[in-house]
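S.K.: Supplied in structure tokens, the structure appears directly below.
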Amino acid sequence: MSFFQHKNLPTGILLACLVGLPLVYTSQLMDPVLLARFGMTTFCVLIVLFILLSRPNTFMAYFDWMRQAKGLTISLFAYLFISLGSGLYALNFSEFSMEATRSIFFVSTFILLIGLCVKRRSNLDFLMKAVVASTAIIGVLGLWDFIQQQGHLQTNKFQYSIQSWMAHKNLMASALFMGIPYCIYFILVKKKGWRFIALISLFLSTLLIIIVQSRAVWLAIFAMAVVGVLSIFWLVYQQKVSFSKRVIFASIVPVSILMVTGFSVLQVTYFSKLSHSNALKNRLVSIFEYKNVKNEHTETINERLALWDNTWQLIQDRPLLGVGGGNWKIFFPSKGLDGLRAEQGMVNFQRPHNDFLWIWSEKGIVGLLAWLGILGFVIWMGIQTIFRTIHPARLLQVLLSLLGLMGYAIIAFFDFPSERCLHLFYLAVFLTVPSVHYLAGKKWVISPKKVAARPVLLFLLLLNLGSFCILGFRSVGEKNLLIALKMRGNQVSPKMLDSLDQSQNIFYQLDPTAIPIDWYKGEVFYFQGRFESAKNHFEKALHLHPYQVNTLNNLGSTYHALQQEDKALECYQKALEIAPHFTEPCLNAAALYFNQGKQKEALAHFLPALPSPNNKRYTLFLKTLFSKEIEVLIQENPNPVVQDKLKELMNSPDWMLSIHQKYYDDPHQSIQEYLMENVLFVLKESENSP
């Protein structure tokens with residue numbers, strides 16, 4: 001029992017969790033890290049809470065800080081209660097449950113870190129070391145990914161294969177950035193071992209951030225460097241800090257050597273091997289030319305702006321309370337997918353790439369204000385600490401934490417760090433350091449009433465137990481869904497249904513791309529010819545996600561198979577309201593009208609479809625519908641030369657495709673005008689040719 005009574009044990013558990021988190025990975029789940037890491041961190045938080053509650057005389061006084069920082073405490077619990085309360089009106093409860101676990105984890109971790117450090121400020125040093133060690137591990141894994149990609153640097157988007165077990169290159173880059181402030185601290189303050197580890201971590205972080213070309217992280221580093229240098233000059237001028245020549249030499253020389261070495265390594269292994277389209281210059285220039293230049297770099301910017309625009313429309317619909325935690329992905333398509341990658345049903349956006357808009361759209365303005373309140377109170381406490389402290393090392397800790405917090409906010413404005421528990425853990429550390437130094441250096445107000453720490457911790461324990469259960473259910477569901485999808489690829493439908501049944505539970509109704517599990521079931525029954533069962537599952541899927549275009553299209557096809565053509569057409573029309581150029585419902589609606597002898601309506605629904613020469617159904621409809629229009633033009637035009645050329649067009653699918661492409665790009669004329677214009681142009685060219 002003496003081991004469990006040790007005062008440092010709760011802190012040690014959280015530190016070990018933070019260091020080991022980048023190594024948590026499993027191929028048993030569709031997302032190899034998301035649920036696994038949240039499960040590990042939630043389990044560690046549960047153990048820490050259990051230890052704290054089992055030793056009230058030892059630990060309860062640590063949490064009296066909540067009375068001393070009432071503004072921060074109110075903001076934290078307001079954000080937590082708003083997050084949980086949003087489940088009352090969330091359309092999809094299973095997706096809300098995952099968002100709830102994020103909020104519970106962040107608030108619990110932040111409260112625990114302050115409590116465990118405020119009476120023992122030396123724990124902050126260990127906390128920062130854990131961040132540096134953690135990012136060093138990410139850097140090593142990322143370097144290995146880069147080495148594996150050496151033969152593929154000429155291919156487009158090779159950077160997306162450099163993830164370091166972080167699921168996405170931008171998440172890796174942002175995680176590496178969050179270790180940089182404390183790397184700088186240990187390079188300036190520490191000697192020997194930790195200075196060396198910090199140098200290695202900073203070296204790897206810099207290299208990988210350059211390689212994966214994350215513009216949001218570049219901007220965060222630039223802002224941190226500018227504000228950081230100005231702050232240091234001001235602090236030196238105010239004589240709050242000073243650096244001896246020995247410290248400056250011991251810091252700048254090894255950093256300079258590593259940077260020169262790093263640039264040389266990059267020149268040999270990276271810059272010299274990049275294709276023109278992957279060049280860093282193009283990535284940088286795209287920030288300023290995204291309105292006028294169209295390439296893969298500018299398209300990501302334009303897509304992000306479109307995501308923000310749709311999200312803003314969601315906010316305007318429900319500005320006060322939002323659409324419910326985790327439900328942005330459900331409501332986003334309702335604002336239209338025209339021109340986005342998701343329009344063809346192959347991509348489903350999960351987030352708006354802006355955490356502030358994300359919070360506002362899901363939890364309303366009250367949720368956003370609570371979140372900004374957390375950040376704002378910590379920034380205020382950090383600035384107060386900088387002005388009043390006379391301890392140079394502590395001042396640097398606070399300053400660098402605030403700079404890291406500023407960089408995190410910039411990244412969160414363009415990406416989605418709050419989705420992942422490792423980033424939330426790093427954020428909690430950034431927030432903890434200024435808070436602890438402010439609270440530890442403040443003269444606490446003596447009150448006969450102690451803060452009710454035990455009920456608070458018990459409440460957090462119960463919430464985290466609930467989170468752990470949710471994560472368990474979701475993990476089981478995702479594991480079985482992965483098995484089912486592997487069978488789907490191999491066309492093993494009988495066993496696939498069993499796995500799909502086992503994957504579905506109250507906390508897991510949608511896959512990680514927001515496709516309902518009932519959709520997969522409906523697909524199986526449809527291909528088996530069991531259309532009534534398929535219809536039932538597609539209708540259930542539509543209830544869970546009313547704006548999923550694949551579900552609407554497949555439900556329409558099922559109604560058509562059941563000879564319920566009015567309902568089928570209604571589904572196709574709803575899908576096309578969301579995604580006007582989605583090829584499949586365009587073709588399905590066109591087929592329905594064509595079979596009814598309505599050529600005009602069939603053509604009107606076919607023309608908005610994305611030209612898809614590799615789609616056999618598309619090429620068949622193109623030839624059939626265009627031939628009908630050409631026959632009319634032949635009858636209307638008495639010129640035999642023009643008639644012959646129109647007949648030639650009728651037998652040239654490639655020519656028809658090019659005309660449809662022109663109409664698709666600029667539909668200001670009727671398709672009949674395009675057909676005649678093209679034929680006359682070809683005739684004129686042949687007359688002018690020698």
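Just so we're on the same page: first chain in the structure tokens is A, next is B, and so on; residues restart at 1 for each chain, and ligands are numbered from 1 in the order they show up.
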For range 599-613 of chain A, work out the shell of residues within 7 Å, counting only C-alpha atoms and skipping chain neighbours fewer than 3 positions away, then give it as a list of chain:residue names.
M.R.: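 Here the qualifying residues turn out to be A:Pro580, A:His581, A:Phe582, A:Thr583, A:Cys586, A:Leu587, A:Ala589, A:Ala590, A:Ala591, A:Tyr593, A:Phe594, A:Tyr618, A:Thr619, A:Leu625, A:His660, A:Gln661, A:Tyr664.
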S.K.: Once you count only C-alpha atoms, what closest atom pair and distance in Å to one decimal does each residue of range 101-173 of chain A within 12 Å of range 343-366 of chain A have, with rows by chain and rising residue number, as CSV?
M.R.:
residue,atom,partner,partner_atom,distance
A:Ser103,CA,A:Ile359,CA,11.0
A:Asn170,CA,A:His353,CA,10.9
A:Leu171,CA,A:His353,CA,11.6
S.K.: Using only C-alpha atoms, which of A:Ser94, A:Thr58, A:Ser467, A:Thr135 sits nearest Leu46 in chain A?
M.R.: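 Selected residue with least distance to Leu46 in chain A: A:Ser467.
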S.K.: For Ala453 in chain A, please output as a PDB file with N, CA and C atoms, in the first residue's frame all residues within 9 Å (counting only C-alpha atoms; exclusion window: fewer than 3 positions along the same chain).
M.R.:
ATOM      1  N   MET A  60      -6.343  16.391  -1.035  1.00  0.00           N
ATOM      2  CA  MET A  60      -7.470  17.288  -1.251  1.00  0.00           C
ATOM      3  C   MET A  60      -7.083  18.765  -1.195  1.00  0.00           C
ATOM      4  N   ALA A  61      -6.096  19.090  -0.358  1.00  0.00           N
ATOM      5  CA  ALA A  61      -5.678  20.493  -0.249  1.00  0.00           C
ATOM      6  C   ALA A  61      -5.084  21.005  -1.560  1.00  0.00           C
ATOM      7  N   TYR A  62      -4.602  20.071  -2.427  1.00  0.00           N
ATOM      8  CA  TYR A  62      -4.009  20.468  -3.702  1.00  0.00           C
ATOM      9  C   TYR A  62      -5.022  21.168  -4.604  1.00  0.00           C
ATOM     10  N   PHE A  63      -6.296  20.905  -4.382  1.00  0.00           N
ATOM     11  CA  PHE A  63      -7.303  21.403  -5.306  1.00  0.00           C
ATOM     12  C   PHE A  63      -8.060  22.613  -4.761  1.00  0.00           C
ATOM     13  N   ASP A  64      -7.499  23.209  -3.698  1.00  0.00           N
ATOM     14  CA  ASP A  64      -8.084  24.449  -3.213  1.00  0.00           C
ATOM     15  C   ASP A  64      -7.821  25.596  -4.189  1.00  0.00           C
ATOM     16  N   MET A  66      -8.973  25.928  -6.988  1.00  0.00           N
ATOM     17  CA  MET A  66     -10.203  26.270  -7.708  1.00  0.00           C
ATOM     18  C   MET A  66     -10.922  27.449  -7.062  1.00  0.00           C
ATOM     19  N   LYS A 450     -13.276  25.334   2.769  1.00  0.00           N
ATOM     20  CA  LYS A 450     -12.413  24.736   1.753  1.00  0.00           C
ATOM     21  C   LYS A 450     -13.253  24.405   0.523  1.00  0.00           C
ATOM     22  N   VAL A 456     -15.919  17.176  -6.353  1.00  0.00           N
ATOM     23  CA  VAL A 456     -15.510  17.507  -7.723  1.00  0.00           C
ATOM     24  C   VAL A 456     -14.748  16.347  -8.344  1.00  0.00           C
ATOM     25  N   LEU A 457     -13.790  15.802  -7.606  1.00  0.00           N
ATOM     26  CA  LEU A 457     -12.997  14.686  -8.136  1.00  0.00           C
ATOM     27  C   LEU A 457     -13.854  13.435  -8.313  1.00  0.00           C
ATOM     28  N   LEU A 458     -14.796  13.232  -7.404  1.00  0.00           N
ATOM     29  CA  LEU A 458     -15.704  12.088  -7.549  1.00  0.00           C
ATOM     30  C   LEU A 458     -16.569  12.250  -8.799  1.00  0.00           C
TER      31      LEU A 458
END
S.K.: Could you go through range 599-630 of chain A and tell me which residues DSSP, when run on the backbone, assigns to helix (DSSP H, G or I), listing them as a ChimeraX atom specification?
M.R.: /A:599-606,616-630
S.K.: For range 394-399 of chain A, list every protein, DNA or RNA residue within 8 Å, evaluated using only C-alpha atoms, and leave out those in the same chain fewer than 3 positions away; present the list as a PyMOL selection string.
M.R.: chain A and resi 182+185+382+385-386+389-391+402-403+433-434+437
S.K.: Distance CA of Leu375 in chain A-CA of Phe106 in chain A, one decimal place?
M.R.: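 So the two atoms, CA of Leu375 in chain A and CA of Phe106 in chain A, lie 12.9 Å apart.
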S.K.: Can you work out the spacing between CA of Asn639 in chain A and CA of Asn678 in chain A in Å, to one decimal?
M.R.: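 Going from CA of Asn639 in chain A over to CA of Asn678 in chain A covers 15.6 Å.
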